[in-house]
$ cat protein10.txt   # compact mmCIF, C-alpha atoms and all ligand atoms
# COMPACT_ATOMS: atom_id res chain seq x y z
CA MET N 29 -19.51 -28.05 8.66
CA LEU N 30 -18.52 -25.29 6.24
CA MET N 31 -15.46 -26.02 4.10
CA GLN N 32 -12.80 -23.47 4.86
CA PRO N 33 -12.42 -20.47 2.52
CA LYS N 34 -8.88 -20.19 1.15
CA ILE N 35 -7.10 -17.21 -0.33
CA LYS N 36 -7.54 -16.59 -4.05
CA MET N 37 -10.89 -18.43 -4.09
CA LYS N 38 -13.47 -16.62 -6.18
CA VAL N 39 -16.19 -14.96 -4.12
CA VAL N 40 -19.69 -14.99 -5.57
CA GLY N 41 -22.50 -12.83 -4.17
CA SER N 42 -26.19 -13.77 -4.40
CA ASP N 43 -26.40 -11.82 -7.65
CA ARG N 44 -22.90 -11.77 -9.20
CA ASP N 45 -19.16 -12.27 -8.71
CA VAL N 46 -17.68 -9.85 -6.22
CA GLY N 47 -13.96 -10.66 -6.14
CA GLU N 48 -11.60 -13.08 -4.45
CA VAL N 49 -10.52 -14.02 -0.95
CA ALA N 50 -7.46 -11.94 0.00
CA ASN N 51 -7.07 -13.15 3.59
CA VAL N 52 -8.97 -14.82 6.36
CA ILE N 53 -9.31 -13.21 9.77
CA ALA N 54 -9.23 -15.37 12.86
CA ASP N 55 -10.30 -14.90 16.42
CA PRO N 56 -7.05 -15.78 18.27
CA VAL N 57 -8.89 -16.71 21.45
CA ALA N 58 -11.58 -18.93 19.95
CA LYS N 59 -9.06 -20.08 17.28
CA THR N 60 -11.76 -19.97 14.62
CA ILE N 61 -12.16 -17.93 11.46
CA SER N 62 -14.43 -14.94 12.05
CA HIS N 63 -14.27 -13.03 8.73
CA ILE N 64 -12.93 -13.21 5.22
CA VAL N 65 -11.27 -10.32 3.43
CA VAL N 66 -12.71 -9.97 -0.07
CA ARG N 67 -10.63 -8.15 -2.66
CA THR N 68 -13.28 -6.52 -4.83
CA GLY N 69 -13.02 -5.33 -8.42
CA ASP N 70 -12.30 -1.74 -7.36
CA ARG N 71 -9.14 -3.00 -5.53
CA GLY N 72 -10.88 -2.42 -2.20
CA GLN N 73 -10.64 -5.07 0.50
CA ARG N 74 -13.89 -5.61 2.39
CA VAL N 75 -14.14 -7.42 5.69
CA VAL N 76 -17.08 -9.81 5.38
CA PRO N 77 -18.35 -11.78 8.39
CA LEU N 78 -18.24 -15.54 8.16
CA ASP N 79 -21.99 -15.88 8.67
CA GLN N 80 -22.51 -14.33 5.23
CA ILE N 81 -20.97 -17.41 3.63
CA ALA N 82 -23.63 -19.78 2.38
CA GLU N 83 -21.36 -22.40 0.87
CA VAL N 84 -17.72 -23.06 0.05
CA SER N 85 -17.04 -25.33 -2.87
CA GLU N 86 -14.65 -24.36 -5.67
CA ASP N 87 -15.83 -20.81 -4.94
CA VAL N 88 -17.08 -19.01 -1.88
CA HIS N 89 -20.82 -18.32 -2.24
CA LEU N 90 -22.27 -15.51 -0.15
CA ARG N 91 -25.83 -15.07 1.06
CA CYS N 92 -25.66 -11.33 0.43
CA SER N 93 -25.51 -9.30 -2.77
CA ALA N 94 -22.55 -7.47 -4.27
CA VAL N 95 -24.02 -4.17 -3.05
CA THR N 96 -24.13 -5.45 0.52
CA VAL N 97 -20.49 -6.54 0.23
CA SER N 98 -19.52 -3.03 -0.90
CA GLY N 99 -21.11 -1.74 2.32
CA TYR N 100 -18.88 -3.84 4.60
CA PRO N 101 -15.92 -2.02 6.16
CA LEU N 102 -12.70 -1.65 4.24
CA LEU N 103 -9.77 -3.56 5.68
CA CYS N 104 -7.66 -1.27 7.82
CA ARG N 105 -4.37 -3.19 7.61
CA GLY N 106 -2.94 -1.48 10.69
CA ASP N 107 -5.66 -3.08 12.83
CA TYR N 108 -4.43 -6.57 12.02
CA THR N 109 -1.26 -8.53 12.17
CA THR N 110 -0.23 -11.87 10.73
CA VAL N 111 0.17 -14.99 12.76
CA HIS N 112 3.77 -15.05 11.69
CA GLN N 113 4.37 -11.70 13.39
CA GLN N 114 2.42 -12.43 16.51
CA GLU N 115 3.27 -16.13 16.73
CA VAL N 116 0.04 -17.52 18.07
CA ALA N 117 1.08 -21.08 18.66
CA GLY N 118 -0.69 -23.69 16.59
CA LEU N 119 -3.24 -21.38 15.01
CA GLU N 120 -2.11 -21.95 11.44
CA ALA N 121 -2.14 -25.70 11.81
CA ARG N 122 -5.48 -25.76 13.56
CA LEU N 123 -7.16 -23.64 10.91
CA ASP N 124 -5.49 -25.41 7.99
CA VAL N 125 -4.01 -22.24 6.51
CA GLU N 126 -0.60 -21.24 5.24
CA PRO N 127 1.55 -18.74 7.15
CA GLY N 128 0.66 -15.17 6.22
CA GLU N 129 -2.74 -16.21 4.90
CA ILE N 130 -4.40 -15.41 8.16
CA LEU N 131 -4.82 -12.09 9.94
CA ILE N 132 -5.63 -11.56 13.57
CA PRO N 133 -6.87 -8.33 15.14
CA VAL N 134 -4.33 -6.19 16.95
CA PRO N 135 -5.55 -5.58 20.55
CA GLU N 136 -7.48 -2.29 20.84
CA GLY N 137 -4.87 -0.75 23.12
CA ASP N 138 -2.13 -1.27 20.53
CA ARG N 139 -4.02 0.34 17.65
CA ASP N 140 -3.32 3.70 16.22
CA ILE N 141 -5.85 5.96 17.95
CA PRO N 142 -6.25 9.14 15.83
CA ARG N 143 -5.48 11.58 18.67
CA ARG N 144 -2.45 9.62 19.75
CA GLY N 145 -1.53 9.35 16.08
CA PHE N 146 -1.54 13.14 15.75
CA PHE N 147 0.93 13.63 18.63
CA THR N 148 3.04 10.78 17.37
CA LYS N 149 3.26 12.32 13.91
CA PHE N 150 3.95 15.75 15.40
CA THR N 151 6.79 14.35 17.50
CA VAL N 152 8.18 12.43 14.52
CA ALA N 153 8.15 15.62 12.40
CA ILE N 154 10.05 17.59 15.06
CA ASN N 155 12.56 14.77 15.48
CA ALA N 156 13.01 14.51 11.73
CA VAL N 157 13.98 18.17 11.50
CA LEU N 158 16.39 17.84 14.41
CA ALA N 159 17.89 14.64 13.04
CA LEU N 160 18.43 15.89 9.50
CA PRO N 161 22.13 16.74 9.96
CA LEU N 162 22.76 13.31 11.47
CA ALA N 163 20.67 11.50 8.85
CA TYR N 164 22.52 13.04 5.92
CA PRO N 165 25.46 10.59 5.93
CA ILE N 166 23.06 7.66 6.12
CA LEU N 167 20.93 8.99 3.28
CA LYS N 168 24.10 9.45 1.32
CA PHE N 169 24.94 5.80 1.94
CA LEU N 170 21.49 4.69 0.79
CA ILE N 171 21.93 6.44 -2.54
CA HIS N 172 25.46 5.18 -2.55
CA PRO N 173 25.72 4.31 -6.25
CA MET N 174 25.59 8.02 -7.08
CA TYR N 175 28.62 8.67 -4.92
CA GLY N 176 31.09 5.86 -5.19
CA ALA N 177 31.98 2.24 -5.76
CA TYR N 178 30.09 -0.60 -4.15
CA ASP N 179 31.50 -2.41 -1.18
CA ASN N 180 32.71 -5.75 -2.52
CA THR N 181 34.21 -6.93 0.73
CA TRP N 182 33.84 -10.66 1.34
CA VAL N 183 31.79 -11.58 4.41
CA LYS N 184 32.18 -14.90 6.18
CA LEU N 185 28.82 -16.68 6.54
CA ALA N 186 29.53 -20.28 7.52
CA ARG N 187 32.00 -23.15 7.50
CA ALA N 188 31.79 -25.50 4.53
CA ASP N 189 32.03 -28.51 6.84
CA GLN N 190 28.80 -27.42 8.59
CA PHE N 191 26.81 -28.59 5.57
CA SER N 192 26.33 -32.31 5.95
CA ASP N 193 23.05 -32.38 3.96
CA VAL N 194 22.42 -30.99 0.51
CA ASP N 195 19.50 -28.67 -0.27
CA ALA N 196 19.06 -27.82 3.39
CA PRO N 197 19.42 -24.02 3.48
CA ARG N 198 20.17 -22.17 6.66
CA SER N 199 20.00 -18.50 7.49
CA TYR N 200 23.26 -16.87 8.57
CA ARG N 201 23.47 -13.53 10.34
CA PHE N 202 26.30 -11.11 10.10
CA LYS N 203 27.00 -7.52 11.02
CA LYS N 204 27.06 -4.81 8.39
CA THR N 205 28.85 -1.60 9.30
CA LEU N 206 28.19 1.65 7.51
CA LYS N 207 30.81 4.35 7.78
CA GLU N 208 30.09 7.85 6.60
CA GLY N 209 32.17 10.70 7.89
CA TYR N 210 32.13 10.64 11.66
CA LEU N 211 29.14 8.32 11.84
CA GLU N 212 29.46 4.56 12.06
CA ARG N 213 26.46 2.28 12.43
CA THR N 214 26.24 -1.48 12.58
CA PHE N 215 23.23 -3.47 11.39
CA ASP N 216 22.22 -7.11 11.63
CA LYS N 217 21.73 -8.72 8.25
CA SER N 218 21.22 -12.29 7.11
CA HIS N 219 21.51 -14.37 3.97
CA TRP N 220 20.68 -17.98 3.18
CA ALA N 221 23.43 -20.45 2.38
CA MET N 222 23.33 -24.11 1.43
CA LYS N 223 25.21 -26.94 -0.14
CA ALA N 224 23.27 -27.63 -3.32
CA SER N 225 22.55 -30.96 -4.99
CA PRO N 226 23.60 -31.28 -8.65
CA GLU N 227 19.93 -30.86 -9.66
CA THR N 228 19.61 -27.62 -7.72
CA LEU N 229 22.89 -26.31 -9.10
CA GLU N 230 21.67 -27.03 -12.61
CA ALA N 231 18.34 -25.31 -11.92
CA VAL N 232 20.08 -22.25 -10.50
CA TYR N 233 22.86 -21.85 -13.05
CA GLN N 234 21.22 -23.53 -16.07
CA GLY N 235 24.55 -24.66 -17.39
CA LYS N 236 26.28 -21.25 -17.21
CA ASP N 237 28.59 -19.58 -14.74
CA LEU N 238 27.05 -16.50 -13.16
CA GLU N 239 28.86 -13.21 -13.65
CA PHE N 240 28.53 -10.25 -11.31
CA ARG N 241 29.25 -6.85 -12.84
CA ASP N 242 29.89 -3.47 -11.32
CA LYS N 243 28.19 -0.32 -12.54
CA ASN N 244 30.78 0.10 -15.30
CA GLY N 245 29.91 -3.33 -16.61
CA ASP N 246 33.19 -4.87 -15.46
CA VAL N 247 33.01 -8.37 -14.00
CA TYR N 248 34.03 -8.35 -10.35
CA TRP N 249 33.19 -11.97 -9.58
CA VAL N 250 32.04 -15.16 -11.27
CA ASN N 251 30.12 -17.93 -9.50
CA ARG N 252 31.32 -21.16 -11.06
CA ARG N 253 28.46 -23.54 -11.65
CA ASN N 254 30.38 -26.50 -10.29
CA VAL N 255 30.92 -24.91 -6.85
CA PRO N 256 28.23 -26.59 -4.78
CA TYR N 257 27.49 -23.74 -2.39
CA ILE N 258 24.77 -21.21 -3.03
CA VAL N 259 23.98 -18.02 -1.15
CA TYR N 260 20.65 -16.23 -1.56
CA SER N 261 20.07 -12.68 -0.41
CA GLY N 262 17.96 -12.70 2.77
CA LYS N 263 15.55 -10.16 1.26
CA CYS N 264 12.50 -11.18 -0.75
CA PRO N 265 12.74 -9.62 -4.25
CA HIS N 266 9.10 -8.55 -4.04
CA LEU N 267 9.31 -5.82 -1.39
CA GLY N 268 12.33 -6.82 0.67
CA CYS N 269 10.79 -8.78 3.56
CA GLY N 270 12.71 -11.57 5.26
CA TYR N 271 11.55 -15.06 4.31
CA LYS N 272 11.86 -18.53 5.78
CA TRP N 273 12.64 -22.08 4.73
CA ARG N 274 9.76 -24.14 5.95
CA SER N 275 7.20 -26.77 5.09
CA THR N 276 4.14 -25.72 3.12
CA LYS N 277 1.06 -27.76 2.42
CA LYS N 278 1.29 -27.66 -1.35
CA TYR N 279 5.03 -27.53 -2.02
CA ASN N 280 6.54 -29.33 0.99
CA MET N 281 9.78 -27.57 1.92
CA ALA N 282 10.08 -24.18 0.25
CA PHE N 283 11.14 -20.60 0.88
CA LEU N 284 8.05 -18.74 2.05
CA CYS N 285 7.75 -14.99 2.37
CA PRO N 286 4.90 -14.24 4.78
CA CYS N 287 4.45 -10.63 3.68
CA HIS N 288 2.58 -11.35 0.45
CA LEU N 289 2.87 -15.12 0.29
CA THR N 290 5.47 -15.60 -2.38
CA ILE N 291 6.78 -19.15 -2.31
CA TYR N 292 10.09 -20.07 -3.96
CA ASN N 293 11.51 -23.51 -4.58
CA ILE N 294 14.98 -24.61 -3.51
CA ALA N 295 16.44 -23.15 -6.73
CA GLY N 296 14.87 -19.77 -5.95
CA SER N 297 12.17 -19.93 -8.65
CA VAL N 298 8.80 -18.40 -7.86
CA LEU N 299 6.17 -21.10 -7.36
CA THR N 300 3.38 -18.73 -6.44
CA GLY N 301 2.95 -15.15 -5.32
CA PRO N 302 3.71 -11.65 -6.54
CA ALA N 303 7.54 -11.63 -6.55
CA PRO N 304 8.75 -10.40 -9.95
CA ARG N 305 11.96 -12.46 -10.10
CA THR N 306 13.78 -15.41 -8.63
CA LEU N 307 15.65 -15.16 -5.34
CA ASP N 308 18.84 -13.15 -5.69
CA VAL N 309 21.89 -15.41 -5.91
CA LEU N 310 24.91 -13.71 -4.37
CA PRO N 311 28.62 -14.16 -5.03
CA VAL N 312 29.99 -17.13 -3.13
CA ARG N 313 33.46 -18.52 -2.58
CA VAL N 314 35.08 -21.15 -0.41
CA THR N 315 38.33 -19.99 1.14
CA PRO N 316 41.34 -22.33 1.43
CA GLY N 317 40.50 -22.50 5.15
CA GLY N 318 37.00 -23.83 4.38
CA ASP N 319 34.92 -20.72 5.03
CA ILE N 320 31.87 -19.91 2.90
CA GLU N 321 32.02 -16.23 2.07
CA THR N 322 29.78 -13.88 0.15
CA ILE N 323 29.65 -10.27 -0.99
CA ASP N 324 26.72 -8.44 0.56
CA VAL N 325 25.08 -7.36 -2.67
CA GLU N 326 21.59 -5.92 -2.45
CA TYR N 327 19.28 -5.40 -5.42
CA LYS N 328 16.29 -3.12 -5.68
CA ALA N 329 13.05 -4.90 -4.77
CA GLY N 330 9.99 -5.02 -6.98
CA LEU N 331 11.77 -5.12 -10.35
CA VAL N 332 12.08 -7.95 -12.84
CA GLY N 333 15.71 -7.05 -13.53
CA ARG N 334 18.44 -6.67 -10.92
CA VAL N 335 19.56 -3.15 -10.10
CA ARG N 336 22.22 -3.11 -7.42
CA VAL N 337 21.66 -0.65 -4.59
CA ILE N 338 24.28 -1.82 -2.06
S1 LIG E 1 7.88 -8.98 0.29
FE1 LIG E 1 7.94 -11.09 -0.03
S2 LIG E 1 6.12 -11.52 -1.04
FE2 LIG E 1 6.04 -9.41 -0.75

$ encode --input "protein10.txt" --output "structure tokens" --more "lines below"
Ligand code: FES
Amino acid sequence: MLMQPKIKMKVVGSDRDVGEVANVIADPVAKTISHIVVRTGDRGQRVVPLDQIAEVSEDVHLRCSAVTVSGYPLLCRGDYTTVHQQEVAGLEARLDVEPGEILIPVPEGDRDIPRRGFFTKFTVAINAVLALPLAYPILKFLIHPMYGAYDNTWVKLARADQFSDVDAPRSYRFKKTLKEGYLERTFDKSHWAMKASPETLEAVYQGKDLEFRDKNGDVYWVNRRNVPYIVYSGKCPHLGCGYKWRSTKKYNMAFLCPCHLTIYNIAGSVLTGPAPRTLDVLPVRVTPGGDIETIDVEYKAGLVGRVRVI
């Protein structure tokens, strides 16, 4: 039986290298892999049927040439979803893949049919024009730093006595309310909180307290490195997706972002994947009543440095 192709394996055509495996595509009914997605040198992603694979060793060897690969259809990302999104029970385990590594086709009826897409876009454009006066306060909030101070209100996340184990992060939801003029909207947000072991504290703080500064450079809070509670922003620093704490084959328990497969260790360091920085540590304090509180700071995604946006 063919060894299973894995993402990032080199793909070699019958005549030369053609790229690397970007994803595998599975048939959710048969629960088998049907295609691989090959990221080629021109940054295209070609959908290559499994029967073109001659052998999988260190690399994936194809029966066909590089020219044939360039003739296979480009991946249309909207036609596929991840297992994580669609939650096909047991598929990841059965196929020996990591979450997010595998794509499955979206049912035909749910795809974006061009004609339907035209009317959808037309309707969206009309609604956008009508909604502009209402959207203005929200847009103003989103570019908030240009208008006023950040909201440094403390938000209660958890009770300190809920943490019986160390290094066992849990996601905590809370409501965020935006007020602009006459408009008030409430959103669900979440951050990760945990009681950290001394090793994790050392890895996170590296022997220094962590200062948080406002846009004038003034310190508005300091996380003391001996306080054993850590809060991470619930947004992946790569592009802002939500991520999970879960077991992975290579790293055991880790934070895994299914969007582009960044994996972070318990101290928030990037183990693999495209994220440009560690997880964002947020201000944390323990109130005299034993509540774990944080300030809902949000940094711009995709940057190495931290630029606060909320
Ligand atoms: S958004 Fe998390 S890895 Fe891309």

$ residues_near_ligand --input "protein10.txt" --ligand "ligand LIG 1 (chain E)" --cutoff "8 Å" --atoms "only C-alpha atoms and all ligand atoms" --output "number ranges by chain"
N: 263-271, 284-291, 301-303

$ residues_near_point --input "protein10.txt" --point "(30.1, -16.9, -3.1)" --cutoff "8 Å" --atoms "only C-alpha atoms" --output "list in words"
Asn251, Tyr257, Ile258, Val259, Leu310, Pro311, Val312, Arg313, Val314, Ile320, Glu321, Thr322 and Ile323 of chain N

$ atom_distance --input "protein10.txt" --atom1 "CA of Trp220 (chain N)" --atom2 "CA of Asp246 (chain N)"
26.0 Å

$ atom_distance --input "protein10.txt" --atom1 "CA of Val49 (chain N)" --atom2 "CA of Val65 (chain N)"
5.8 Å

$ atom_distance --input "protein10.txt" --atom1 "CA of Asn254 (chain N)" --atom2 "CA of Thr306 (chain N)"
20.0 Å

$ closest_residue --input "protein10.txt" --among "N:Ala221, N:Val335, N:Val46, N:Val39" --to "Asp70 (chain N)" --atoms "all atoms listed in the file"
N:Val46

$ closest_residue --input "protein10.txt" --among "N:Val66, N:Asp55, N:Pro101, N:Gly72" --to "Pro133 (chain N)" --atoms "all atoms listed in the file"
N:Asp55

$ closest_residue --input "protein10.txt" --among "N:Ala282, N:Asn180, N:Glu230, N:Gln190" --to "Trp249 (chain N)" --atoms "all atoms listed in the file"
N:Asn180

$ closest_residue --input "protein10.txt" --among "N:Ser297, N:Glu326, N:Asp319, N:Asp45" --to "Val183 (chain N)" --atoms "only C-alpha atoms"
N:Asp319

$ closest_residue --input "protein10.txt" --among "N:Arg252, N:Ala177, N:Leu238, N:His219" --to "Arg336 (chain N)" --atoms "only C-alpha atoms"
N:Ala177

$ residues_near_point --input "protein10.txt" --point "(-17.5, -12.1, 13.9)" --cutoff "7 Å" --atoms "only C-alpha atoms" --output "ChimeraX atom specification"
/N:62-63,77-78

$ write_last_selection --input "protein10.txt" --atoms "C-alpha atoms" --output "mmCIF file, keeping the file's coordinate frame"
data_model
loop_
_atom_site.group_PDB
_atom_site.id
_atom_site.type_symbol
_atom_site.label_atom_id
_atom_site.label_comp_id
_atom_site.auth_asym_id
_atom_site.auth_seq_id
_atom_site.Cartn_x
_atom_site.Cartn_y
_atom_site.Cartn_z
ATOM 1 C CA SER N 62 -14.430 -14.940 12.050
ATOM 2 C CA HIS N 63 -14.270 -13.030 8.730
ATOM 3 C CA PRO N 77 -18.350 -11.780 8.390
ATOM 4 C CA LEU N 78 -18.240 -15.540 8.160
#

$ build_atoms --input "protein10.txt" --residues "region 314-331 of chain N" --atoms "N, CA, C and O atoms" --output "JSON list (two decimals), keeping the file's coordinate frame"
[["chain", "number", "residue", "atom", "x", "y", "z"],
["N", 314, "VAL", "N", 34.61, -20.34, -1.54],
["N", 314, "VAL", "CA", 35.08, -21.15, -0.41],
["N", 314, "VAL", "C", 36.56, -20.84, -0.24],
["N", 314, "VAL", "O", 37.35, -21.01, -1.18],
["N", 315, "THR", "N", 36.93, -20.35, 0.92],
["N", 315, "THR", "CA", 38.33, -19.99, 1.14],
["N", 315, "THR", "C", 39.17, -21.25, 1.33],
["N", 315, "THR", "O", 38.62, -22.33, 1.64],
["N", 316, "PRO", "N", 40.49, -21.16, 1.20],
["N", 316, "PRO", "CA", 41.34, -22.33, 1.43],
["N", 316, "PRO", "C", 41.14, -22.89, 2.85],
["N", 316, "PRO", "O", 41.30, -24.08, 3.08],
["N", 317, "GLY", "N", 40.75, -22.03, 3.78],
["N", 317, "GLY", "CA", 40.50, -22.50, 5.15],
["N", 317, "GLY", "C", 39.13, -23.12, 5.34],
["N", 317, "GLY", "O", 38.78, -23.55, 6.45],
["N", 318, "GLY", "N", 38.30, -23.16, 4.28],
["N", 318, "GLY", "CA", 37.00, -23.83, 4.38],
["N", 318, "GLY", "C", 35.85, -22.94, 4.82],
["N", 318, "GLY", "O", 34.80, -23.43, 5.23],
["N", 319, "ASP", "N", 36.03, -21.63, 4.71],
["N", 319, "ASP", "CA", 34.92, -20.72, 5.03],
["N", 319, "ASP", "C", 34.08, -20.45, 3.78],
["N", 319, "ASP", "O", 34.63, -20.28, 2.69],
["N", 320, "ILE", "N", 32.77, -20.36, 3.98],
["N", 320, "ILE", "CA", 31.87, -19.91, 2.90],
["N", 320, "ILE", "C", 31.73, -18.41, 3.05],
["N", 320, "ILE", "O", 31.29, -17.92, 4.10],
["N", 321, "GLU", "N", 32.08, -17.69, 2.01],
["N", 321, "GLU", "CA", 32.02, -16.23, 2.07],
["N", 321, "GLU", "C", 31.15, -15.70, 0.94],
["N", 321, "GLU", "O", 31.02, -16.32, -0.12],
["N", 322, "THR", "N", 30.60, -14.51, 1.18],
["N", 322, "THR", "CA", 29.78, -13.88, 0.15],
["N", 322, "THR", "C", 30.07, -12.38, 0.12],
["N", 322, "THR", "O", 30.69, -11.84, 1.04],
["N", 323, "ILE", "N", 29.64, -11.74, -0.93],
["N", 323, "ILE", "CA", 29.65, -10.27, -0.99],
["N", 323, "ILE", "C", 28.22, -9.81, -0.75],
["N", 323, "ILE", "O", 27.27, -10.34, -1.36],
["N", 324, "ASP", "N", 28.07, -8.87, 0.16],
["N", 324, "ASP", "CA", 26.72, -8.44, 0.56],
["N", 324, "ASP", "C", 26.11, -7.52, -0.48],
["N", 324, "ASP", "O", 25.95, -6.33, -0.27],
["N", 325, "VAL", "N", 25.73, -8.12, -1.60],
["N", 325, "VAL", "CA", 25.08, -7.36, -2.67],
["N", 325, "VAL", "C", 23.60, -7.23, -2.35],
["N", 325, "VAL", "O", 22.98, -8.17, -1.86],
["N", 326, "GLU", "N", 23.04, -6.07, -2.63],
["N", 326, "GLU", "CA", 21.59, -5.92, -2.45],
["N", 326, "GLU", "C", 21.00, -5.29, -3.70],
["N", 326, "GLU", "O", 21.52, -4.30, -4.22],
["N", 327, "TYR", "N", 19.93, -5.91, -4.21],
["N", 327, "TYR", "CA", 19.28, -5.40, -5.42],
["N", 327, "TYR", "C", 17.95, -4.74, -5.06],
["N", 327, "TYR", "O", 17.32, -5.09, -4.07],
["N", 328, "LYS", "N", 17.55, -3.82, -5.91],
["N", 328, "LYS", "CA", 16.29, -3.12, -5.68],
["N", 328, "LYS", "C", 15.13, -4.11, -5.76],
["N", 328, "LYS", "O", 15.09, -4.95, -6.68],
["N", 329, "ALA", "N", 14.21, -4.00, -4.79],
["N", 329, "ALA", "CA", 13.05, -4.90, -4.77],
["N", 329, "ALA", "C", 12.00, -4.43, -5.77],
["N", 329, "ALA", "O", 11.96, -3.26, -6.17],
["N", 330, "GLY", "N", 11.16, -5.36, -6.17],
["N", 330, "GLY", "CA", 9.99, -5.02, -6.98],
["N", 330, "GLY", "C", 10.23, -4.96, -8.47],
["N", 330, "GLY", "O", 9.31, -4.69, -9.23],
["N", 331, "LEU", "N", 11.47, -5.20, -8.92],
["N", 331, "LEU", "CA", 11.77, -5.12, -10.35],
["N", 331, "LEU", "C", 12.03, -6.52, -10.91],
["N", 331, "LEU", "O", 12.51, -7.40, -10.19]]
